[in-house]
Amino acid sequence: AEDKIVVEFGYPYSHLFDVTYEAILPKFYAAHPNIEIKMRATYESYEDGTNTILREAVAGNLPDVTMQGLNRQAILVEKGIARSLEPFIAAEADFAKDGYHKAMLDLGTFGDEVYGLPFSISLPVGYYNMEVMAKAGYDATNLPATWEDVVQACVKLREAGVDNPMFWGWNITGNWFLQALMWSQDKPTVEGNDFQLDSDEGLVALETMQNIFTGCEMQNLEWKSALASFSAGDLGMMYWSTSAVGAVERAMGDFTLVTNEYPGITAEGPMGLPAGGNSALLTSTSDDPEQLAAAWAWLKFITSGEGAADVARTTGYMPPNQAANEIILADFYAENPAKATAVRQLPLLREWQAYPGDNGLAATQVIYDGLEGIVTGEYEDMAELQEELSEEVQDLLD
Amino acid sequence: MQSRAHLWFIGPAMALMFIVLLIPILIAVGLSLTDYSLGNQGAEFVGLENYERIFTRSTYEKMFVATFRYVFVVVPLTVGLGLGAALLIHSLGRFGDLYKTIYFLPVMAALIAMAIVWEFAFHPTIGIINSTLEKGCGTFLEAWPWYAKGCERTFPLWLNDRDYAIWTVSFIGVWQGFGFNMVLYLAGLTSIPPQLYDAAEMDGATRGWDRFRLVTWPLLGPTTVFVVTISFIRSFQVFDMVEAFYPQGGGPSKSVFVMMFAIYEKGIQQNLMGIGAAITVVFLAFVMVLTVIQRWLVERRTHYV
Amino acid sequence: MSEARAQSFRFNTGAATTHAILIVGALIVLLPFYTMISLSLKAPHEIMQQTGGFIGAQEAFRDDYCVKLGNAAENCMVNPIIYNYSTAFEKAPLVRYLLNGLIVTVSIFVIQVLVALPCAYALAKLRFWGREAVFALVLFCLLIPVHAIALPLYIMLAKAGLTNTYAALIIPWTISVFGIFLMRQFFMTVPDDLIDAARMDGMTEFAIIWRVMLPTAIPALMAFGIFSVVAHWNDYFWPRIVITGNRDLFTPPLGLREFKGDADGDNFGPMMATACIIVTPLIVCFLLAQRRFIEGITLSGMK
Amino acid sequence: MARIQLDQIEKRFGDTPVLKGVSLDIQDGEFVTLVGPSGCGKSTLLRILSGLEAADSGRVVIDDRDVTGVRPADRNLAMVFQSYALYPHLTVAENMMTPLRMRDLTPVQRMPVVGPLIARGPHRDMRKQASDVAETLKITALMDRKPGQLSGGQRQRVALGRAMVRKPLAFLMDEPLSNLDAALRVHMRAELSELHRRLKATFVYVTHDQAEALTMSDRMAVMMHGDILQVGAPDEIYLDPNTLEVARFIGSPAINTLPAEAQGDGLLHVLGVSKPAPMTTTRQPVTVGVRPEHLVLKEAGRFSGTVRHRENLGADVFLHLEMAGLQQPLVLRATPQDAARIALGDNAAFDFDPADMLVFDAQGGRLRATTPAREVA
Amino acid sequence: MARIQLDQIEKRFGDTPVLKGVSLDIQDGEFVTLVGPSGCGKSTLLRILSGLEAADSGRVVIDDRDVTGVRPADRNLAMVFQSYALYPHLTVAENMMTPLRMRDLTPVQRMPVVGPLIARGPHRDMRKQASDVAETLKITALMDRKPGQLSGGQRQRVALGRAMVRKPLAFLMDEPLSNLDAALRVHMRAELSELHRRLKATFVYVTHDQAEALTMSDRMAVMMHGDILQVGAPDEIYLDPNTLEVARFIGSPAINTLPAEAQGDGLLHVLGVSKPAPMTTTRQPVTVGVRPEHLVLKEAGRFSGTVRHRENLGADVFLHLEMAGLQQPLVLRATPQDAARIALGDNAAFDFDPADMLVFDAQGGRLRATTPAREVA
Ligand SMILES: Nc1ncnc2c1ncn2[C@@H]1O[C@H](COP(=O)(O)OP(=O)(O)OP(=O)(O)O)[C@@H](O)[C@H]1O
Ligand SMILES: Nc1ncnc2c1ncn2[C@@H]1O[C@H](COP(=O)(O)OP(=O)(O)OP(=O)(O)O)[C@@H](O)[C@H]1O
Ligand SMILES: [Mg+2]
Ligand SMILES: [Mg+2]
């Protein structure tokens, strides 16, 4: 046991993922008896994860493999903390057969080199309380398909006596929902160093948001409150990440939960959606090939094949890899229809973009503040807001 | 007279103070003149640019507003309630222990857990606060326009309403902090010689207030200096609660964007250590000025011996 | 004693009013604790929907974790109370964390006292050149927010190879300027004659601190102790920064994060159970400590 | 101006009984001194009288009103504390003005800055009163100091001043002059007597200084182990004590005690000498007390002792004489001139007038003479 | 056992000079008493001597070693504080044992629980010593109390006990007996004298009680306004004061002062009466001091005054006589028998021996007789 190679590993959200690793580990040990995985203290959140890695980089005690939010990979790559996986991929015989969907692989690709392999993927979906929806005459077949529909549904629900018909998760980290509206029009939020909010699509996104908020008279809830309201049956509709399905199912009252595709700006539905979730990065500072090989073995194991399938089994996320979804988990999705919605949306999967440069996170915050201004009614003229945000963010990105 | 004993006494404290507090703060001051970001190889000297930003961006104006609102609500209330509770409890023979423990509970509880509890309590619809308020609908309370509005539509969102957030957070700050001041005041009360109360009684200080003015308050002078100073500093340094409630953004419309949170957001969350350090320096300058003023006002009057 | 005596002159309505005020205050103060305990007893759906009164229906519910590990659903039905508390102890090795908390808080407090008391004494009762400057420095250090120095400090510790050790949890807190300031204020109320008497009795300045100042300032020391212990027992920020590697070094509040899922759903029941568990030792300590408050040393050996 | 009655006051601290049913009736305007050994309960009695301490049982009646439940401030008494109890944060002047402010000003007039403005008159009066008293106490120069900057005696005078500014029903003073020098003490004695005369207030005065007790008081109460043993005019206590204990306690140096034998025939055998003692008693061993000033050096004295020690007090010299058959030396007061003639180690002959003898039985009770004793020889 | 020299000690508090260059040389084993009016700087001087307060200038020399910079603990002195300064958290026994523990035990032996176990012997000895002293002080029953539970006099005795357990070079005592009753005070006087004899330690003793000062001390130092006016044996100070101030201060009741006129011919005119006063002086107004015990009631007395007040001290009666031409009444000491014959308001004739006169010039300086005065008449 002494010459076991120890791979140090850090991941976020122990409450969500502990069980995943607990399921994976025995299988991994069976396959790699000479490797020992040492779990580091979990990250409290994606932000915490990135900050921890940055600190550890300065202090010189990085783990070998770390799980980072999809939009946090860029910063670690930029700062040269994450290692390129290309040498390892090259050494594998038939890497693609392991099921890596091109789109998914793209999420961790920077400048033509793969740095991160996705581990758990989420997409925005709609959650519906069917009992509430029924009050306004909705059933599983005619759920809103566009944001216009959503606003109408709100009006109807309100007429039906529902005070608080909808919640839209604008406040999810990393401007996820803004990017969702942008991708819905097939427009990236950043291209290179350019912030794209000043485009027409940008204005549409902002105005859509404003319509949703004002049309539904949406309360500015914190996510915990929103989740509580939805669980308590107050809300009819909630737009949120699919990853919360597990939490909602656990917490909800006596009503029928249905998840449905994320509405689009037009009736065709969204043209793309940003992927949420986390991916595995190799951050080992070791030069020992054996050590690196061990780290790679673990990294590969959890992001592909049987290991990856456990993500879906144990969380609300999708596994990163097509094979797992299509083959291994077919039965599972039949049993868990709420989790299937995201899988149906898989073809729409797009990058959750990070803003480049040192000020990337500051830019995220500026946009967050701007969006909040829409919810709280601080901003009324979207064109003005568009201009203001574009300017400020662009200033940060240059 | 005391030979060199004092060197031994202040020596270790000074050494640790330098290593643990002053050197890091000097590093921070140095960083405030650069654009250092954690993980970067080096940093560029940017002069006072970081400071310029603090004083020109509207976000930072909100920062000052939030900080001052919080401080000037929380300090008087925690000191006042702390003193009040201490006096009441001190005047009781029995049961004093019980109240003491209860009032100290908020200080002892882990804040992140309590933040979650408060979030539940302040939940806009099903939270205990608003659901209790709703029970009052239809009664005479509706005569109060604010209340009537709440009944008609909804009661405030409290934590997520930009008009209420800072006050709600201040309320929780008071809830959390006054027990600590109470303990300090209780400690102060025990060192008042009881004969002085006897003397006051004989001098005709019949009302509790008279005894308080004549004996308790002046003799609590050193305690009060301490309590006020500490309350000031602690409320200027309020952070945990804001982070627990608003991990991102500092509250609705940045209405709870207090300085410590700004430091944390810039320096740690966003990795802009330069700006973070600059806010730190501004923060220190600020608190220092206030502390000097406050000490100048209070300390002068409390040296008797 | 005197106040208690003064009590007897007041009408009983006075005491009744006092109690009334204190009880109302106590209710407001206790409200969140009521909620906290209540949450720690209830099932997840009861928590989120805020139903079920104080202890909930106590109906068995399905433990997802168990199901996800591949067990049959009917084998995974659990009672809320048992689930919440057992999860708190199993999922987070809370006993270990409590022990860590004990080691860390006690070490911090002991060192703080050893360092701060002599300094406070010197500042309060000795006259020496530069005293005002030292005191000003103390006041200045009081202003320094830990969040502002966290990163430089972290890097210093990392360079010394101390991250992920008990030392990293303890060293930054060995100096408590707060303690120095607090104790100084109380030492100022000790009559000079008492110290002079001790000097005549042959005590060294060092002995005076421990044998005269300390016992007479017991209430203040208690206040300081409570403050220090509470602050470091509950500290969430710092351990989170320096303990990135080894979960075995977690302090109790870090146990709370085992149940955090943020936007994907926290596990409130065990989280509140943990919160209840980690506050209990503090309450016990406080109850023990406050006895000493009561018999507070009034300076009665003086004329 | 008040009549104060203490009725069967009992007090214990924990298990220790401190006052064992003390009763004392103090007339309106009377100056009563409490004397007694240290720790006998004098301060406690004053505190009970003032209301600061609650008695375990018994009643305090002031002017026929039972004040047992009345709070101290409403009893309208002024007190000087043995431990001074000055307000450390107030100047001497403010310390002295406090009782006036508390009693004579309305809360509004007491307000820090505004008060002196809106109520100039009262404030001026108060300051005047305080400075008058300060003059009496010779602390005018210290009016702006804080107690911490005063010497022991100065503090005590401030404590006294704080009581003297008022015109209460009664003054309670607990060793108010103990830290003053002799000259000042004599001065203060006169001032207090004057105050007493002027205000006609009742005084209850605790002191250890016999000169104070004997000269100032209308009546003295001698307390011991929580009981009042004898109350009476100073003269009476000094000359006609009821018990040996009282006789021993009053008078300094203490009374000399000699073992003797009452013969039952009007004669007393003291150290082999017969003295007439016309008292109705049977034959029994008794104790004879003779005060030092009643022992007179006399060539022809029938007693004699060796001079072992001399205490020179300037005005008098006390000679300590060792006598066979006595454990304790006898103390004899001599004039400096007489004393100068006697060296240490000399034998001195002395005698005393039987009329000056105080005779006590074995239990310490006083045996009184039926007719004045007169020596035949 | 130490010789203590104070050399030109000066001290000011802020602007107030408190000691103005005090010098005093105390012999090894001597008992020196400091007396002086309240606030004259006695306590301050003691504190400087002990090292607790730093003098502004001047030196303190103990046994030929300049200790100006030596810390109090290393000077090996014991001190009784005027304010007691007992440790409030320790029992009486512990309070008294503290100096022993501090000086005689090693740090290990002092440890709370272990100490008494590993060093039984020393601890037993200490307890023995403390209880011996407690016996002397009559506080054996109080050994387990805390200071807060003691009466004033009991506290003072504990403070005294804390000093007495030790065997220091010198004892510094600041009014150690002021709160004790007369009997106890006499007892303690004897005990302290005994202690002094036994340990042969030097004593520096501050007191307001003239009896203490006069009876206990080898020498007295009279301090006033920060200066030592006269140092000498008690007798000498009493009988032969250098200045009017000293004469007035020593002696209780204070010396009577009469305005007089020196004639330059060996005669003195006092209130119209001529008295021989053989002193080398020119014609000038002088002040004559006569102590109350030297005024004798005499039918044929050449002076007379109206009795305005009588103070009965039991052993003596002081008559206050009002005389024409005098602002202050004269005080005359009479025996109770003599005094009994004179009622208030009576005229009393008296006289005094010119040898008892103390004559002072207008500046208060003493004019000494060249030969003893003898009355012709
Ligand atoms: N801290 C101080 N600040 C200013 N003046 C002081 C201070 N301490 C003492 N004094 C003054 O110094 C003088 C001498 O004080 P000290 O205590 O030596 O007097 P003392 O002779 O002991 O008097 P007493 O017999 O009343 O105790 C006093 O007039 C006092 O008011
Ligand atoms: N709080 C207390 N607890 C226990 N015993 C006490 C307390 N206070 C006083 N005593 C005791 O009560 C007795 C009487 O105390 P008190 O103060 O009345 O004495 P005193 O006659 O004033 O003596 P002194 O002349 O020494 O001041 C003393 O023996 C004292 O020890
Ligand atoms: Mg007393
Ligand atoms: Mg003094």
# chains A, B, ... in the order shown; residues from 1 in each chain; ligands from 1

$ interface_residues --of "chain D" --to "chain C" --cutoff "9 Å" --atoms "only C-alpha atoms" --output "list in words"
Leu52, Glu53, Ala54, Gly69, Val70, Arg71, Pro72, Gln82, Ser83, Tyr84 and Ala85 of chain D

$ residues_around --residues "Met108 in chain B" --least-positions-apart "4" --cutoff "7 Å" --atoms "only C-alpha atoms" --output "PyMOL selection string"
(chain B and resi 104) or (chain C and resi 230+279+282)

$ write_last_selection --atoms "N, CA and C atoms" --output "PDB file, in the first residue's frame"
ATOM      1  N   PHE B 104     -27.329  36.498  25.144  1.00  0.00           N
ATOM      2  CA  PHE B 104     -26.007  36.273  24.573  1.00  0.00           C
ATOM      3  C   PHE B 104     -26.040  35.223  23.467  1.00  0.00           C
TER       4      PHE B 104
ATOM      5  N   VAL C 230     -15.906  32.502  21.415  1.00  0.00           N
ATOM      6  CA  VAL C 230     -17.025  32.550  20.485  1.00  0.00           C
ATOM      7  C   VAL C 230     -16.537  32.897  19.083  1.00  0.00           C
ATOM      8  N   VAL C 279     -23.370  25.107  18.659  1.00  0.00           N
ATOM      9  CA  VAL C 279     -23.585  26.208  19.593  1.00  0.00           C
ATOM     10  C   VAL C 279     -23.715  25.699  21.029  1.00  0.00           C
ATOM     11  N   LEU C 282     -20.807  26.120  23.456  1.00  0.00           N
ATOM     12  CA  LEU C 282     -20.634  27.527  23.825  1.00  0.00           C
ATOM     13  C   LEU C 282     -21.616  27.923  24.913  1.00  0.00           C
TER      14      LEU C 282
END

$ interface_residues --of "chain D" --to "chain E" --cutoff "9 Å" --atoms "only C-alpha atoms" --output "PyMOL selection string"
chain D and resi 13+35-41+43-44+82-83+149-154+175+178-184+186+207-216+234-235+238-239+248-254+291-294+310-316

$ write_last_selection --atoms "C-alpha atoms" --output "PDB file, in the first residue's frame"
ATOM      1  CA  PHE D  13     -24.354  37.859  58.060  1.00  0.00           C
ATOM      2  CA  VAL D  35     -18.686  53.450  70.814  1.00  0.00           C
ATOM      3  CA  GLY D  36     -17.489  49.927  70.960  1.00  0.00           C
ATOM      4  CA  PRO D  37     -14.698  47.673  69.913  1.00  0.00           C
ATOM      5  CA  SER D  38     -13.874  47.256  66.276  1.00  0.00           C
ATOM      6  CA  GLY D  39     -16.232  44.853  64.589  1.00  0.00           C
ATOM      7  CA  CYS D  40     -18.954  45.049  67.189  1.00  0.00           C
ATOM      8  CA  GLY D  41     -21.581  46.164  64.702  1.00  0.00           C
ATOM      9  CA  SER D  43     -21.421  50.537  61.166  1.00  0.00           C
ATOM     10  CA  THR D  44     -23.994  47.873  60.606  1.00  0.00           C
ATOM     11  CA  GLN D  82     -16.380  55.167  57.143  1.00  0.00           C
ATOM     12  CA  SER D  83     -14.925  54.460  53.711  1.00  0.00           C
ATOM     13  CA  GLN D 149      -5.817  63.747  44.014  1.00  0.00           C
ATOM     14  CA  LEU D 150      -6.493  64.190  47.684  1.00  0.00           C
ATOM     15  CA  SER D 151      -4.756  62.958  50.767  1.00  0.00           C
ATOM     16  CA  GLY D 152      -6.551  60.661  53.174  1.00  0.00           C
ATOM     17  CA  GLY D 153      -7.585  63.402  55.542  1.00  0.00           C
ATOM     18  CA  GLN D 154      -8.715  65.646  52.751  1.00  0.00           C
ATOM     19  CA  GLU D 175     -15.826  57.833  62.268  1.00  0.00           C
ATOM     20  CA  SER D 178     -10.410  59.368  62.126  1.00  0.00           C
ATOM     21  CA  ASN D 179      -7.927  60.537  59.531  1.00  0.00           C
ATOM     22  CA  LEU D 180      -7.593  64.106  60.683  1.00  0.00           C
ATOM     23  CA  ASP D 181      -4.761  65.518  62.696  1.00  0.00           C
ATOM     24  CA  ALA D 182      -5.346  66.473  66.276  1.00  0.00           C
ATOM     25  CA  ALA D 183      -5.617  70.176  65.694  1.00  0.00           C
ATOM     26  CA  LEU D 184      -8.053  69.752  62.878  1.00  0.00           C
ATOM     27  CA  VAL D 186     -10.439  69.642  67.731  1.00  0.00           C
ATOM     28  CA  THR D 207     -16.223  57.044  66.932  1.00  0.00           C
ATOM     29  CA  HIS D 208     -13.235  55.338  68.403  1.00  0.00           C
ATOM     30  CA  ASP D 209     -11.881  58.496  69.815  1.00  0.00           C
ATOM     31  CA  GLN D 210     -12.888  58.716  73.431  1.00  0.00           C
ATOM     32  CA  ALA D 211     -12.255  62.408  73.579  1.00  0.00           C
ATOM     33  CA  GLU D 212     -14.792  62.894  70.822  1.00  0.00           C
ATOM     34  CA  ALA D 213     -17.262  60.594  72.435  1.00  0.00           C
ATOM     35  CA  LEU D 214     -16.926  62.110  75.853  1.00  0.00           C
ATOM     36  CA  THR D 215     -16.884  65.733  74.845  1.00  0.00           C
ATOM     37  CA  MET D 216     -19.421  65.958  72.090  1.00  0.00           C
ATOM     38  CA  PRO D 234     -20.576  60.469  79.068  1.00  0.00           C
ATOM     39  CA  ASP D 235     -19.854  61.291  82.682  1.00  0.00           C
ATOM     40  CA  TYR D 238     -17.058  57.032  82.683  1.00  0.00           C
ATOM     41  CA  LEU D 239     -17.694  57.348  86.353  1.00  0.00           C
ATOM     42  CA  ARG D 248     -12.496  48.662  80.727  1.00  0.00           C
ATOM     43  CA  PHE D 249     -13.502  49.973  77.331  1.00  0.00           C
ATOM     44  CA  ILE D 250     -14.052  53.579  78.308  1.00  0.00           C
ATOM     45  CA  GLY D 251     -11.041  55.509  79.458  1.00  0.00           C
ATOM     46  CA  SER D 252      -7.592  55.545  77.997  1.00  0.00           C
ATOM     47  CA  PRO D 253      -5.345  54.125  79.252  1.00  0.00           C
ATOM     48  CA  ALA D 254      -7.820  51.544  80.430  1.00  0.00           C
ATOM     49  CA  ARG D 291      -8.608  54.624  86.821  1.00  0.00           C
ATOM     50  CA  PRO D 292      -5.007  55.689  86.237  1.00  0.00           C
ATOM     51  CA  GLU D 293      -5.723  59.262  87.230  1.00  0.00           C
ATOM     52  CA  HIS D 294      -7.040  58.117  90.570  1.00  0.00           C
ATOM     53  CA  ARG D 310       6.852  55.231  81.209  1.00  0.00           C
ATOM     54  CA  GLU D 311       4.727  56.771  78.529  1.00  0.00           C
ATOM     55  CA  ASN D 312       5.240  60.448  78.122  1.00  0.00           C
ATOM     56  CA  LEU D 313       2.303  62.204  76.583  1.00  0.00           C
ATOM     57  CA  GLY D 314       3.636  65.658  77.171  1.00  0.00           C
ATOM     58  CA  ALA D 315       0.909  66.827  79.451  1.00  0.00           C
ATOM     59  CA  ASP D 316       0.969  63.649  81.489  1.00  0.00           C
TER      60      ASP D 316
END

$ closest_residue --among "A:Ala312, A:Ala247, A:Ala205, A:Ala74" --to "chain C" --atoms "only C-alpha atoms"
A:Ala247

$ select_by_dssp --residues "range 147-368 of chain E" --states "alpha helix (DSSP H)" --output "VMD selection string"
chain E and resid 152 to 164 182 to 199 210 to 216 234 to 239 244 to 249 336 to 340

$ residues_around --residues "Leu169 in chain D" --least-positions-apart "5" --cutoff "7 Å" --atoms "only C-alpha atoms" --output "VMD selection string"
chain D and resid 1 to 2 76 to 77 201 to 202

$ interface_residues --of "chain A" --to "chain C" --cutoff "6 Å" --atoms "only C-alpha atoms" --output "PyMOL selection string"
chain A and resi 13-15+40-41+59+228+231-232+243-244+247+251-252+314

$ write_last_selection --atoms "all heavy atoms" --output "mmCIF file, in the first residue's frame"
data_model
loop_
_atom_site.group_PDB
_atom_site.id
_atom_site.type_symbol
_atom_site.label_atom_id
_atom_site.label_comp_id
_atom_site.auth_asym_id
_atom_site.auth_seq_id
_atom_site.Cartn_x
_atom_site.Cartn_y
_atom_site.Cartn_z
ATOM 1 N N TYR A 13 -19.182 21.741 -3.602
ATOM 2 C CA TYR A 13 -20.515 21.290 -3.180
ATOM 3 C C TYR A 13 -20.545 19.859 -2.665
ATOM 4 O O TYR A 13 -21.067 18.961 -3.316
ATOM 5 C CB TYR A 13 -21.501 21.418 -4.345
ATOM 6 C CG TYR A 13 -21.725 22.850 -4.773
ATOM 7 C CD1 TYR A 13 -21.563 23.231 -6.092
ATOM 8 C CD2 TYR A 13 -22.090 23.808 -3.850
ATOM 9 C CE1 TYR A 13 -21.760 24.537 -6.491
ATOM 10 C CE2 TYR A 13 -22.292 25.123 -4.238
ATOM 11 C CZ TYR A 13 -22.129 25.481 -5.564
ATOM 12 O OH TYR A 13 -22.320 26.763 -5.934
ATOM 13 N N SER A 14 -20.005 19.642 -1.514
ATOM 14 C CA SER A 14 -19.957 18.265 -1.030
ATOM 15 C C SER A 14 -21.346 17.671 -0.882
ATOM 16 O O SER A 14 -21.557 16.501 -1.152
ATOM 17 C CB SER A 14 -19.208 18.184 0.285
ATOM 18 O OG SER A 14 -19.800 19.037 1.221
ATOM 19 N N HIS A 15 -22.270 18.494 -0.537
ATOM 20 C CA HIS A 15 -23.620 17.966 -0.325
ATOM 21 C C HIS A 15 -24.170 17.376 -1.620
ATOM 22 O O HIS A 15 -24.943 16.421 -1.604
ATOM 23 C CB HIS A 15 -24.501 19.077 0.226
ATOM 24 C CG HIS A 15 -25.942 18.941 -0.066
ATOM 25 N ND1 HIS A 15 -26.666 17.832 0.305
ATOM 26 C CD2 HIS A 15 -26.816 19.770 -0.682
ATOM 27 C CE1 HIS A 15 -27.921 17.996 -0.082
ATOM 28 N NE2 HIS A 15 -28.028 19.150 -0.683
ATOM 29 N N ARG A 40 -9.545 16.541 -1.082
ATOM 30 C CA ARG A 40 -9.276 17.753 -0.312
ATOM 31 C C ARG A 40 -10.581 18.311 0.231
ATOM 32 O O ARG A 40 -11.658 17.878 -0.125
ATOM 33 C CB ARG A 40 -8.621 18.786 -1.221
ATOM 34 C CG ARG A 40 -7.198 18.451 -1.516
ATOM 35 C CD ARG A 40 -6.431 19.711 -1.761
ATOM 36 N NE ARG A 40 -5.023 19.422 -1.747
ATOM 37 C CZ ARG A 40 -4.105 20.318 -2.090
ATOM 38 N NH1 ARG A 40 -4.467 21.530 -2.468
ATOM 39 N NH2 ARG A 40 -2.831 20.006 -2.040
ATOM 40 N N ALA A 41 -10.421 19.331 1.054
ATOM 41 C CA ALA A 41 -11.605 20.017 1.558
ATOM 42 C C ALA A 41 -12.413 20.497 0.357
ATOM 43 O O ALA A 41 -11.860 21.016 -0.601
ATOM 44 C CB ALA A 41 -11.188 21.213 2.398
ATOM 45 N N ALA A 59 0.693 29.715 -3.119
ATOM 46 C CA ALA A 59 1.339 29.052 -1.998
ATOM 47 C C ALA A 59 2.098 27.810 -2.447
ATOM 48 O O ALA A 59 2.916 27.279 -1.706
ATOM 49 C CB ALA A 59 0.291 28.659 -0.958
ATOM 50 N N ALA A 228 -37.964 27.994 -1.980
ATOM 51 C CA ALA A 228 -38.948 27.758 -0.935
ATOM 52 C C ALA A 228 -40.341 28.095 -1.449
ATOM 53 O O ALA A 228 -41.293 27.350 -1.213
ATOM 54 C CB ALA A 228 -38.618 28.593 0.293
ATOM 55 N N SER A 231 -41.391 25.390 -3.771
ATOM 56 C CA SER A 231 -41.681 24.155 -3.047
ATOM 57 C C SER A 231 -42.993 24.269 -2.302
ATOM 58 O O SER A 231 -43.746 23.318 -2.194
ATOM 59 C CB SER A 231 -40.574 23.854 -2.037
ATOM 60 O OG SER A 231 -39.335 23.839 -2.680
ATOM 61 N N ALA A 232 -43.246 25.452 -1.775
ATOM 62 C CA ALA A 232 -44.466 25.625 -0.998
ATOM 63 C C ALA A 232 -45.685 25.714 -1.893
ATOM 64 O O ALA A 232 -46.807 25.749 -1.407
ATOM 65 C CB ALA A 232 -44.345 26.891 -0.148
ATOM 66 N N SER A 243 -30.026 21.430 -12.553
ATOM 67 C CA SER A 243 -29.305 20.790 -11.444
ATOM 68 C C SER A 243 -30.111 20.808 -10.155
ATOM 69 O O SER A 243 -29.820 20.059 -9.231
ATOM 70 C CB SER A 243 -27.969 21.485 -11.231
ATOM 71 O OG SER A 243 -28.195 22.848 -10.944
ATOM 72 N N ALA A 244 -31.107 21.695 -10.069
ATOM 73 C CA ALA A 244 -31.862 21.787 -8.822
ATOM 74 C C ALA A 244 -33.021 20.806 -8.764
ATOM 75 O O ALA A 244 -33.765 20.788 -7.793
ATOM 76 C CB ALA A 244 -32.369 23.209 -8.626
ATOM 77 N N ALA A 247 -33.115 18.860 -5.621
ATOM 78 C CA ALA A 247 -33.492 19.643 -4.458
ATOM 79 C C ALA A 247 -34.989 19.928 -4.459
ATOM 80 O O ALA A 247 -35.651 19.846 -3.422
ATOM 81 C CB ALA A 247 -32.705 20.955 -4.443
ATOM 82 N N ALA A 251 -37.859 18.771 -1.735
ATOM 83 C CA ALA A 251 -38.456 19.767 -0.858
ATOM 84 C C ALA A 251 -39.906 20.078 -1.169
ATOM 85 O O ALA A 251 -40.593 20.685 -0.375
ATOM 86 C CB ALA A 251 -37.635 21.053 -0.942
ATOM 87 N N MET A 252 -40.393 19.650 -2.332
ATOM 88 C CA MET A 252 -41.678 20.194 -2.764
ATOM 89 C C MET A 252 -42.844 19.572 -2.030
ATOM 90 O O MET A 252 -42.770 18.486 -1.469
ATOM 91 C CB MET A 252 -41.841 20.007 -4.257
ATOM 92 C CG MET A 252 -42.084 18.575 -4.635
ATOM 93 S SD MET A 252 -42.138 18.476 -6.424
ATOM 94 C CE MET A 252 -42.954 16.915 -6.610
ATOM 95 N N THR A 314 -26.829 10.305 -9.567
ATOM 96 C CA THR A 314 -26.790 10.840 -8.200
ATOM 97 C C THR A 314 -27.125 12.323 -8.114
ATOM 98 O O THR A 314 -27.291 12.839 -7.017
ATOM 99 C CB THR A 314 -25.394 10.636 -7.602
ATOM 100 O OG1 THR A 314 -24.438 11.220 -8.490
ATOM 101 C CG2 THR A 314 -25.088 9.173 -7.423
#

$ interface_residues --of "chain A" --to "chain B" --cutoff "10 Å" --atoms "only C-alpha atoms" --output "count of residues only"
54

$ closest_residue --among "B:Asn130, B:Thr280, B:Thr223, B:Thr216" --to "chain D" --atoms "only C-alpha atoms"
B:Thr216

$ interface_residues --of "chain B" --to "chain D" --cutoff "7 Å" --atoms "only C-alpha atoms" --output "NGL selection string"
:B and (195-196 or 198-199 or 201-206 or 218 or 304-305)

$ decode --residues "range 228-232 of chain C" --atoms "C-alpha atoms" --output "compact mmCIF listing (two decimals), in the first residue's frame"
# COMPACT_ATOMS: atom_id res chain seq x y z
CA SER C 228 -12.38 35.11 21.95
CA VAL C 229 -13.81 31.64 22.22
CA VAL C 230 -17.03 32.55 20.49
CA ALA C 231 -15.24 34.35 17.69
CA HIS C 232 -12.83 31.59 16.95
